[in-house]
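K.L.:
This one is data-v8.cif, mmCIF, C-alpha atoms.
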data_my_file
#
loop_
_atom_site.label_atom_id
_atom_site.label_comp_id
_atom_site.auth_asym_id
_atom_site.auth_seq_id
_atom_site.Cartn_x
_atom_site.Cartn_y
_atom_site.Cartn_z
CA MET A 136 0.00 0.00 0.00
CA LEU A 137 2.20 2.82 -1.27
CA HIS A 138 1.15 6.21 -2.56
CA LEU A 139 2.65 9.66 -2.76
CA GLY A 140 1.94 11.86 0.24
CA SER A 141 1.51 9.77 3.39
CA GLN A 142 3.34 6.47 3.23
CA PRO A 143 2.28 3.34 5.18
CA LEU A 144 5.55 1.50 5.66
CA GLY A 145 5.29 -0.99 8.46
CA ALA A 146 3.47 -3.97 6.92
CA PRO A 147 6.65 -6.05 6.33
CA ALA A 148 7.73 -5.44 9.94
CA ALA A 149 4.23 -6.27 11.21
CA ALA A 150 4.30 -9.58 9.33
CA ARG A 151 7.45 -10.51 11.27
CA GLY A 152 6.03 -9.51 14.65
CA LEU A 153 8.34 -6.51 15.04
CA LEU A 154 5.66 -4.02 16.08
CA ASP A 155 4.84 -3.61 19.74
CA SER A 156 1.78 -2.25 21.53
CA THR A 157 2.96 1.37 21.69
CA TYR A 158 3.15 3.72 18.70
CA SER A 159 4.66 7.22 18.84
CA ILE A 160 4.15 10.12 16.44
CA ASP A 161 6.48 13.06 15.93
CA SER A 162 7.69 15.52 13.29
CA THR A 163 11.29 16.16 12.36
CA HIS A 164 13.12 18.66 10.17
CA ILE A 165 14.81 17.70 6.91
CA GLU A 166 17.59 19.90 5.62
CA ALA A 167 17.83 20.49 1.86
CA ILE A 168 20.54 21.82 -0.40
CA GLN A 169 20.36 25.55 -1.07
CA HIS A 170 19.80 24.87 -4.77
CA ASN A 171 16.49 23.13 -4.07
CA ASP A 172 14.05 25.90 -4.94
CA ALA A 173 11.09 23.83 -3.67
CA ALA A 174 12.41 24.00 -0.07
CA SER A 175 11.89 26.95 2.27
CA TRP A 176 13.22 28.48 5.46
CA ASN A 177 11.43 27.04 8.49
CA TYR A 178 11.73 27.46 12.23
CA ASP A 179 12.53 24.41 14.35
CA PRO A 180 11.22 25.18 17.88
CA THR A 181 13.05 22.18 19.34
CA ALA A 182 16.45 23.38 18.15
CA GLU A 183 15.35 27.04 18.44
CA GLU A 184 16.81 27.85 15.06
CA TYR A 185 15.88 28.25 11.41
CA TYR A 186 16.75 25.69 8.76
CA TYR A 187 16.32 25.43 5.00
CA GLY A 188 14.40 22.36 3.96
CA PHE A 189 11.26 20.32 4.56
CA GLY A 190 9.67 18.20 7.27
CA CYS A 191 8.54 14.65 7.91
CA THR A 192 5.83 13.36 10.25
CA LEU A 193 6.56 9.83 11.40
CA VAL A 194 4.83 7.10 13.40
CA SER A 195 7.19 4.49 14.79
CA THR A 196 7.34 1.69 17.31
CA GLY A 197 9.62 -0.83 18.97
CA ALA A 198 13.10 -1.26 17.58
CA LYS A 199 13.18 2.06 15.68
CA ILE A 200 10.61 0.77 13.19
CA PRO A 201 8.92 3.39 10.95
CA ILE A 202 5.24 2.47 10.42
CA ALA A 203 3.82 5.41 8.48
CA ALA A 204 5.15 8.79 7.39
CA GLU A 205 4.34 11.90 5.42
CA PHE A 206 6.69 14.34 3.73
CA THR A 207 5.70 17.93 4.54
CA GLN A 208 6.77 21.41 3.54
CA ALA A 209 7.78 22.32 7.10
CA LYS A 210 8.59 20.47 10.30
CA GLN A 211 5.38 21.37 12.10
CA ALA A 212 2.55 19.23 10.75
CA ASP A 213 -1.04 20.45 10.57
CA GLN A 214 -4.04 18.56 11.93
CA GLU A 215 -4.91 17.02 8.57
CA THR A 216 -1.41 15.54 8.28
CA ALA A 217 -1.52 14.19 11.84
CA MET A 218 -4.83 12.49 11.15
CA ARG A 219 -3.72 11.03 7.82
CA VAL A 220 -0.49 9.55 9.17
CA THR A 221 -2.34 8.17 12.19
CA ARG A 222 -4.92 6.46 10.00
CA ASP A 223 -2.15 4.96 7.85
CA ALA A 224 -0.39 3.62 10.94
CA LEU A 225 -3.58 2.02 12.26
CA ALA A 226 -4.12 0.41 8.87
CA VAL A 227 -0.90 -1.55 9.44
CA ASP A 228 -1.84 -2.77 12.91
CA THR A 229 -3.72 -1.51 15.97
CA PRO A 230 -1.61 -0.71 19.05
CA VAL A 231 -2.77 -0.24 22.63
CA TRP A 232 -1.19 3.21 23.03
CA MET A 233 -0.42 6.13 20.70
CA LEU A 234 1.94 8.77 22.10
CA GLY A 235 2.46 12.33 20.92
CA ASP A 236 3.76 15.59 22.36
CA SER A 237 1.53 18.57 23.17
CA ALA A 238 1.24 19.43 19.47
CA TYR A 239 -1.09 16.42 19.26
CA ASP A 240 -3.51 17.76 21.85
CA ILE A 241 -6.14 17.59 19.10
CA LEU A 242 -9.71 16.56 19.91
CA ASP A 243 -10.33 14.78 16.60
CA TRP A 244 -7.06 12.87 16.96
CA HIS A 245 -7.99 11.68 20.44
CA ASP A 246 -11.55 10.76 19.52
CA HIS A 247 -10.46 8.88 16.38
CA LEU A 248 -7.97 6.80 18.36
CA LEU A 249 -10.41 6.08 21.18
CA ALA A 250 -13.03 4.97 18.65
CA ALA A 251 -10.43 2.56 17.24
CA GLY A 252 -9.73 1.13 20.70
CA VAL A 253 -6.37 2.92 21.08
CA VAL A 254 -5.46 5.04 24.11
CA PRO A 255 -3.93 8.38 22.99
CA VAL A 256 -1.44 9.96 25.39
CA ALA A 257 -0.51 13.57 24.65
CA PRO A 258 0.10 16.33 27.23
CA TYR A 259 -2.76 18.75 27.67
CA ASN A 260 -2.04 22.12 26.07
CA PRO A 261 -4.17 24.92 27.60
CA ARG A 262 -3.25 27.26 24.74
CA ASN A 263 -5.11 30.54 25.18
CA THR A 264 -8.05 29.28 27.21
CA ASP A 265 -9.19 31.40 30.15
CA ASP A 266 -10.40 28.32 32.01
CA PRO A 267 -7.77 25.57 31.74
CA LYS A 268 -8.69 22.04 32.79
CA ASP A 269 -7.04 20.42 35.80
CA ILE A 270 -5.51 17.57 33.80
CA GLU A 271 -2.07 16.52 32.59
CA TYR A 272 -3.20 14.61 29.50
CA ARG A 273 -6.12 15.34 27.18
CA VAL A 274 -7.26 11.71 27.31
CA GLU A 275 -8.22 12.17 30.97
CA ASP A 276 -10.93 14.59 29.89
CA ARG A 277 -12.02 12.55 26.85
CA ILE A 278 -12.38 9.36 28.92
CA GLU A 279 -14.36 11.17 31.61
CA GLU A 280 -16.64 12.73 29.00
CA HIS A 281 -17.28 9.63 26.90
CA SER A 282 -16.94 6.63 29.21
CA GLU A 283 -18.08 5.88 32.74
CA ASP A 284 -16.44 2.45 32.84
CA VAL A 285 -12.83 3.30 31.97
CA GLN A 286 -10.36 4.85 34.40
CA LEU A 287 -6.71 5.68 33.75
CA LYS A 288 -4.27 6.35 36.54
CA GLN A 289 -2.05 9.35 35.90
CA SER A 290 0.96 7.33 37.06
CA ILE A 291 0.30 4.83 34.24
CA LEU A 292 -0.06 7.68 31.73
CA ASP A 293 3.20 9.21 32.95
CA GLU A 294 5.04 5.89 32.70
CA THR A 295 3.66 5.23 29.22
CA TYR A 296 4.43 8.72 27.95
CA ASN A 297 8.08 8.25 28.91
CA HIS A 298 8.35 5.82 26.00
CA ARG A 299 7.67 8.62 23.49
CA THR A 300 11.40 9.19 23.13
CA GLY A 301 11.43 6.04 21.01
CA VAL A 302 10.20 8.02 17.99
CA GLU A 303 13.09 10.44 18.43
CA ARG A 304 15.51 7.51 18.31
CA THR A 305 13.76 6.32 15.17
CA ASN A 306 14.18 9.76 13.62
CA ASP A 307 17.89 9.64 14.40
CA ALA A 308 18.21 6.13 12.95
CA VAL A 309 16.44 7.14 9.74
CA LYS A 310 18.60 10.24 9.43
CA GLY A 311 21.57 7.90 9.54
CA CYS A 312 20.05 6.29 6.45
CA GLY A 313 19.93 9.60 4.59
CA LEU A 314 16.89 11.43 5.97
CA GLY A 315 18.94 14.13 7.65
CA HIS A 316 20.16 16.04 4.60
CA VAL A 317 18.30 15.63 1.32
CA ARG A 318 20.45 16.35 -1.72
CA ALA A 319 17.84 15.85 -4.44
CA ARG A 320 16.38 18.89 -6.19
CA GLY A 321 12.67 19.60 -6.38
CA ARG A 322 9.89 18.53 -4.05
CA VAL A 323 9.08 15.21 -5.76
CA HIS A 324 12.70 14.04 -5.86
CA ALA A 325 13.27 15.17 -2.26
CA ARG A 326 10.18 13.27 -1.13
CA THR A 327 11.40 10.17 -2.95
CA GLU A 328 14.79 10.42 -1.23
CA VAL A 329 13.09 10.69 2.16
CA PHE A 330 10.92 7.66 1.45
CA LEU A 331 13.98 5.64 0.35
CA ALA A 332 15.69 6.51 3.65
CA LEU A 333 12.64 5.23 5.55
CA CYS A 334 12.62 2.03 3.48
CA LEU A 335 16.35 1.55 4.10
CA ARG A 336 15.79 1.77 7.85
CA LEU A 337 13.12 -0.93 7.55
CA VAL A 338 15.45 -3.13 5.49
CA VAL A 339 18.20 -2.81 8.13
CA ALA A 340 15.80 -3.67 10.98
CA ILE A 341 14.25 -6.65 9.17
CA THR A 342 17.61 -7.99 7.96
CA ASN A 343 19.05 -7.82 11.48
CA PHE A 344 15.97 -9.61 12.81
CA GLU A 345 16.18 -12.38 10.21
CA ARG A 346 19.87 -12.84 11.04
CA GLU A 347 18.81 -13.26 14.69
CA ASP A 348 20.49 -9.98 15.56
CA ASP A 349 18.97 -6.97 17.35
CA PRO A 350 16.54 -5.28 14.91
CA GLY A 351 17.18 -2.01 16.72
CA ARG A 352 20.79 -1.97 15.50
CA GLU A 353 21.38 0.85 13.04
CA LYS A 354 23.94 -1.04 10.97
CA LEU A 355 24.27 -4.51 9.47
CA LYS A 356 26.95 -6.93 10.54
CA LEU A 357 29.02 -7.95 7.52
#
Can the structure in the file be given as structure tokens, please?
P.N.:
Amino acid sequence: MLHLGSQPLGAPAAARGLLDSTYSIDSTHIEAIQHNDAASWNYDPTAEEYYYGFGCTLVSTGAKIPIAAEFTQAKQADQETAMRVTRDALAVDTPVWMLGDSAYDILDWHDHLLAAGVVPVAPYNPRNTDDPKDIEYRVEDRIEEHSEDVQLKQSILDETYNHRTGVERTNDAVKGCGLGHVRARGRVHARTEVFLALCLRLVVAITNFEREDDPGREKLKL
């Protein structure tokens, strides 16, 4: 199931049992060469600096396994992109948890995941409200509003959310496969290069697994 735009990737890894019960979603920056006129200057709030390039929104799990991704014009993904990549990830397999930072404090995102039987864990972002809720995670409010039978301890949410750093490790692993600095010109060629880097990371993980090595390793043993 491949198509331009969002890219479901994880089916081969799912077939080998490499996906676990926790998915994480995050966006990362992709630097481009200055001669790529399709790229633009964007601000990376994590690094607190500007960069010239594109972005990529990625869902990953387990041993640095990319499941679904979308190439974007900038690092920060909009709600439509978040929803599309999430749906693609769930089409591969259904986890128990889906983790995201406060940028994913999106009502539709939470409600879509809950309807699919997945528990979304993203920090509550009060934004500009004059009456902020007394919660740490948006799901606390959504569960209370929509279900009388389900209760989630905040300690469990905290412990689960700590695993969100796994998607950052996946980003780093994929950048080691060429995602970090795209040298192709034009948007279509740059997107293709990003997708190839994601595929290469999958190939490395699956090959290590089939050789009975750690699939989380970022290199192959020769």
K.L.:
Just the residues within 12 Å of Val227 (chain A), please, counting only C-alpha atoms, with nothing from its chain fewer than 6 positions along; format it as a PyMOL selection string.
P.N.:
chain A and resi 136-137+142-150+152-155+158+194-196+201-203+220-221
K.L.:
Grab the CA of Val302 (chain A) to CA of Glu347 (chain A) distance for me, in Å with one decimal place.
P.N.:
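Computed distance, CA of Val302 (chain A) to CA of Glu347 (chain A), equals 23.2 Å.
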K.L.:
Considering all atoms listed in the file, return as a PyMOL selection string whatever protein or nucleic-acid residues lie within 12 Å of His247 (chain A), sequence-local ones (same chain, fewer than 3 positions apart) excluded.
P.N.:
chain A and resi 217-219+221-222+225+233+241-244+250-255+274+277
K.L.:
Rank A:Leu287, A:Val329, A:Leu357, A:Ala224 by their smallest atom-to-atom distance to Cys312 (chain A), using all atoms listed in the file, and report the top residue only.
P.N.:
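Distance minimum relative to Cys312 (chain A) lands on A:Val329.
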K.L.:
Name the closest residue to Gly321 (chain A) among the candidates A:Asp161, A:Glu294, A:Asp172, A:Glu166; distances are taken between atoms, counting only C-alpha atoms.
P.N.:
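Result for the nearest residue to Gly321 (chain A): A:Asp172.
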K.L.:
Expand the PyMOL selection byres ((chain A and resi 333) around 12) into the explicit residue set it covers here, and present it as a PyMOL selection string.
P.N.:
chain A and resi 142-145+191-195+199-206+305-315+326-332+334-340
K.L.:
In Å to one decimal, how far is CA of Thr207 (chain A) from CA of Pro258 (chain A)?
P.N.:
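A separation of 23.4 Å between them.
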K.L.:
I need the residue set behind the PyMOL selection byres ((chain A and resi 179-184) around 9) for this file; please write it as a VMD selection string.
P.N.:
chain A and resid 163 to 164 177 to 178 185 to 186 209 to 211
K.L.:
Could you check how far CA of Ala174 (chain A) sits from CA of Arg318 (chain A), in Å to one decimal?
P.N.:
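For CA of Ala174 (chain A) relative to CA of Arg318 (chain A), the distance reads 11.2 Å.
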K.L.:
Do a neighbour search on Asn343 (chain A) at 9 Å with only C-alpha atoms, toss out local chain neighbours closer than 4 positions, and write the hits as a ChimeraX atom specification.
P.N.:
/A:338-339,347-352,354-356
K.L.:
Measuring between only C-alpha atoms, which one of A:Thr295, A:Gln208, A:Ser290, A:Ser156 shows the shortest distance to Arg322 (chain A)?
P.N.:
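Of all the options, A:Gln208 lies closest to Arg322 (chain A).
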K.L.:
Kindly indicate which residue among A:Gly188, A:Gly235, A:Gly197, A:Pro261 lies nearest to Thr157 (chain A), using all atoms listed in the file for the distances.
P.N.:
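Of A:Gly188, A:Gly235, A:Gly197, A:Pro261, the one nearest Thr157 (chain A) is A:Gly197, counting all atoms listed in the file.
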K.L.:
Which residue out of A:Trp232, A:Tyr259, A:Phe344, A:Tyr239 has the minimum interatomic distance to Ile291 (chain A) when only C-alpha atoms are used?
P.N.:
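Ranked by minimum distance to Ile291 (chain A), first place goes to A:Trp232.
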K.L.:
Region 240-252 of chain A, all listed atoms, 3 Å padding on each side: what axis-aligned box centre and edge lengths in Å to one decimal come out, as lines of an AutoDock Vina configuration file?
P.N.:
center_x = -8.3
center_y = 9.4
center_z = 19.1
size_x = 15.5
size_y = 22.6
size_z = 11.5
K.L.:
Taking the file above as input, evaluate the PyMOL selection byres ((chain A and resi 260) around 10) and report the hits as a VMD selection string.
P.N.:
chain A and resid 236 to 241 257 to 259 261 to 264 267 to 268 270 to 273
K.L.:
For region 196-222 of chain A, which lacks atoms in the input, supply N, CA and C atoms and format the output as a PDB file, keeping the file's coordinate frame.
P.N.:
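Output below, filename selection_9.pdb:
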ATOM      1  N   THR A 196       7.552   2.558  16.162  1.00  0.00           N
ATOM      2  CA  THR A 196       7.340   1.690  17.310  1.00  0.00           C
ATOM      3  C   THR A 196       8.584   0.836  17.535  1.00  0.00           C
ATOM      4  N   GLY A 197       8.637   0.218  18.682  1.00  0.00           N
ATOM      5  CA  GLY A 197       9.620  -0.830  18.970  1.00  0.00           C
ATOM      6  C   GLY A 197      11.048  -0.469  18.647  1.00  0.00           C
ATOM      7  N   ALA A 198      11.667  -1.349  17.866  1.00  0.00           N
ATOM      8  CA  ALA A 198      13.100  -1.260  17.580  1.00  0.00           C
ATOM      9  C   ALA A 198      13.374  -0.265  16.451  1.00  0.00           C
ATOM     10  N   LYS A 199      12.951   0.974  16.660  1.00  0.00           N
ATOM     11  CA  LYS A 199      13.180   2.060  15.680  1.00  0.00           C
ATOM     12  C   LYS A 199      12.566   1.696  14.329  1.00  0.00           C
ATOM     13  N   ILE A 200      11.311   1.219  14.375  1.00  0.00           N
ATOM     14  CA  ILE A 200      10.610   0.770  13.190  1.00  0.00           C
ATOM     15  C   ILE A 200       9.675   1.865  12.691  1.00  0.00           C
ATOM     16  N   PRO A 201       9.879   2.448  11.518  1.00  0.00           N
ATOM     17  CA  PRO A 201       8.920   3.390  10.950  1.00  0.00           C
ATOM     18  C   PRO A 201       7.686   2.648  10.447  1.00  0.00           C
ATOM     19  N   ILE A 202       6.496   3.129  10.805  1.00  0.00           N
ATOM     20  CA  ILE A 202       5.240   2.470  10.420  1.00  0.00           C
ATOM     21  C   ILE A 202       4.532   3.249   9.322  1.00  0.00           C
ATOM     22  N   ALA A 203       4.471   4.560   9.475  1.00  0.00           N
ATOM     23  CA  ALA A 203       3.820   5.410   8.480  1.00  0.00           C
ATOM     24  C   ALA A 203       4.462   6.785   8.545  1.00  0.00           C
ATOM     25  N   ALA A 204       4.487   7.487   7.428  1.00  0.00           N
ATOM     26  CA  ALA A 204       5.150   8.790   7.390  1.00  0.00           C
ATOM     27  C   ALA A 204       4.548   9.663   6.305  1.00  0.00           C
ATOM     28  N   GLU A 205       4.734  10.961   6.467  1.00  0.00           N
ATOM     29  CA  GLU A 205       4.340  11.900   5.420  1.00  0.00           C
ATOM     30  C   GLU A 205       5.386  12.999   5.289  1.00  0.00           C
ATOM     31  N   PHE A 206       5.763  13.263   4.072  1.00  0.00           N
ATOM     32  CA  PHE A 206       6.690  14.340   3.730  1.00  0.00           C
ATOM     33  C   PHE A 206       5.900  15.639   3.732  1.00  0.00           C
ATOM     34  N   THR A 207       6.421  16.669   4.407  1.00  0.00           N
ATOM     35  CA  THR A 207       5.700  17.930   4.540  1.00  0.00           C
ATOM     36  C   THR A 207       6.613  19.107   4.168  1.00  0.00           C
ATOM     37  N   GLN A 208       6.001  20.243   3.938  1.00  0.00           N
ATOM     38  CA  GLN A 208       6.770  21.410   3.540  1.00  0.00           C
ATOM     39  C   GLN A 208       7.595  21.971   4.690  1.00  0.00           C
ATOM     40  N   ALA A 209       7.085  21.811   5.909  1.00  0.00           N
ATOM     41  CA  ALA A 209       7.780  22.320   7.100  1.00  0.00           C
ATOM     42  C   ALA A 209       7.745  21.252   8.184  1.00  0.00           C
ATOM     43  N   LYS A 210       8.534  21.461   9.231  1.00  0.00           N
ATOM     44  CA  LYS A 210       8.590  20.470  10.300  1.00  0.00           C
ATOM     45  C   LYS A 210       7.250  20.324  10.995  1.00  0.00           C
ATOM     46  N   GLN A 211       6.620  21.434  11.354  1.00  0.00           N
ATOM     47  CA  GLN A 211       5.380  21.370  12.100  1.00  0.00           C
ATOM     48  C   GLN A 211       4.247  20.905  11.202  1.00  0.00           C
ATOM     49  N   ALA A 212       3.631  19.792  11.553  1.00  0.00           N
ATOM     50  CA  ALA A 212       2.550  19.230  10.750  1.00  0.00           C
ATOM     51  C   ALA A 212       1.204  19.811  11.186  1.00  0.00           C
ATOM     52  N   ASP A 213       0.292  19.966  10.226  1.00  0.00           N
ATOM     53  CA  ASP A 213      -1.040  20.450  10.570  1.00  0.00           C
ATOM     54  C   ASP A 213      -1.913  19.274  11.008  1.00  0.00           C
ATOM     55  N   GLN A 214      -3.141  19.591  11.411  1.00  0.00           N
ATOM     56  CA  GLN A 214      -4.040  18.560  11.930  1.00  0.00           C
ATOM     57  C   GLN A 214      -4.377  17.523  10.864  1.00  0.00           C
ATOM     58  N   GLU A 215      -4.577  17.955   9.640  1.00  0.00           N
ATOM     59  CA  GLU A 215      -4.910  17.020   8.570  1.00  0.00           C
ATOM     60  C   GLU A 215      -3.794  15.989   8.379  1.00  0.00           C
ATOM     61  N   THR A 216      -2.543  16.456   8.424  1.00  0.00           N
ATOM     62  CA  THR A 216      -1.410  15.540   8.280  1.00  0.00           C
ATOM     63  C   THR A 216      -1.356  14.561   9.439  1.00  0.00           C
ATOM     64  N   ALA A 217      -1.539  15.063  10.657  1.00  0.00           N
ATOM     65  CA  ALA A 217      -1.520  14.190  11.840  1.00  0.00           C
ATOM     66  C   ALA A 217      -2.571  13.100  11.730  1.00  0.00           C
ATOM     67  N   MET A 218      -3.758  13.463  11.274  1.00  0.00           N
ATOM     68  CA  MET A 218      -4.830  12.490  11.150  1.00  0.00           C
ATOM     69  C   MET A 218      -4.528  11.469  10.059  1.00  0.00           C
ATOM     70  N   ARG A 219      -3.990  11.929   8.937  1.00  0.00           N
ATOM     71  CA  ARG A 219      -3.720  11.030   7.820  1.00  0.00           C
ATOM     72  C   ARG A 219      -2.642  10.006   8.185  1.00  0.00           C
ATOM     73  N   VAL A 220      -1.564  10.467   8.795  1.00  0.00           N
ATOM     74  CA  VAL A 220      -0.490   9.550   9.170  1.00  0.00           C
ATOM     75  C   VAL A 220      -0.969   8.575  10.242  1.00  0.00           C
ATOM     76  N   THR A 221      -1.781   9.043  11.157  1.00  0.00           N
ATOM     77  CA  THR A 221      -2.340   8.170  12.190  1.00  0.00           C
ATOM     78  C   THR A 221      -3.209   7.089  11.582  1.00  0.00           C
ATOM     79  N   ARG A 222      -4.068   7.455  10.645  1.00  0.00           N
ATOM     80  CA  ARG A 222      -4.920   6.460  10.000  1.00  0.00           C
ATOM     81  C   ARG A 222      -4.082   5.423   9.239  1.00  0.00           C
TER      82      ARG A 222
END
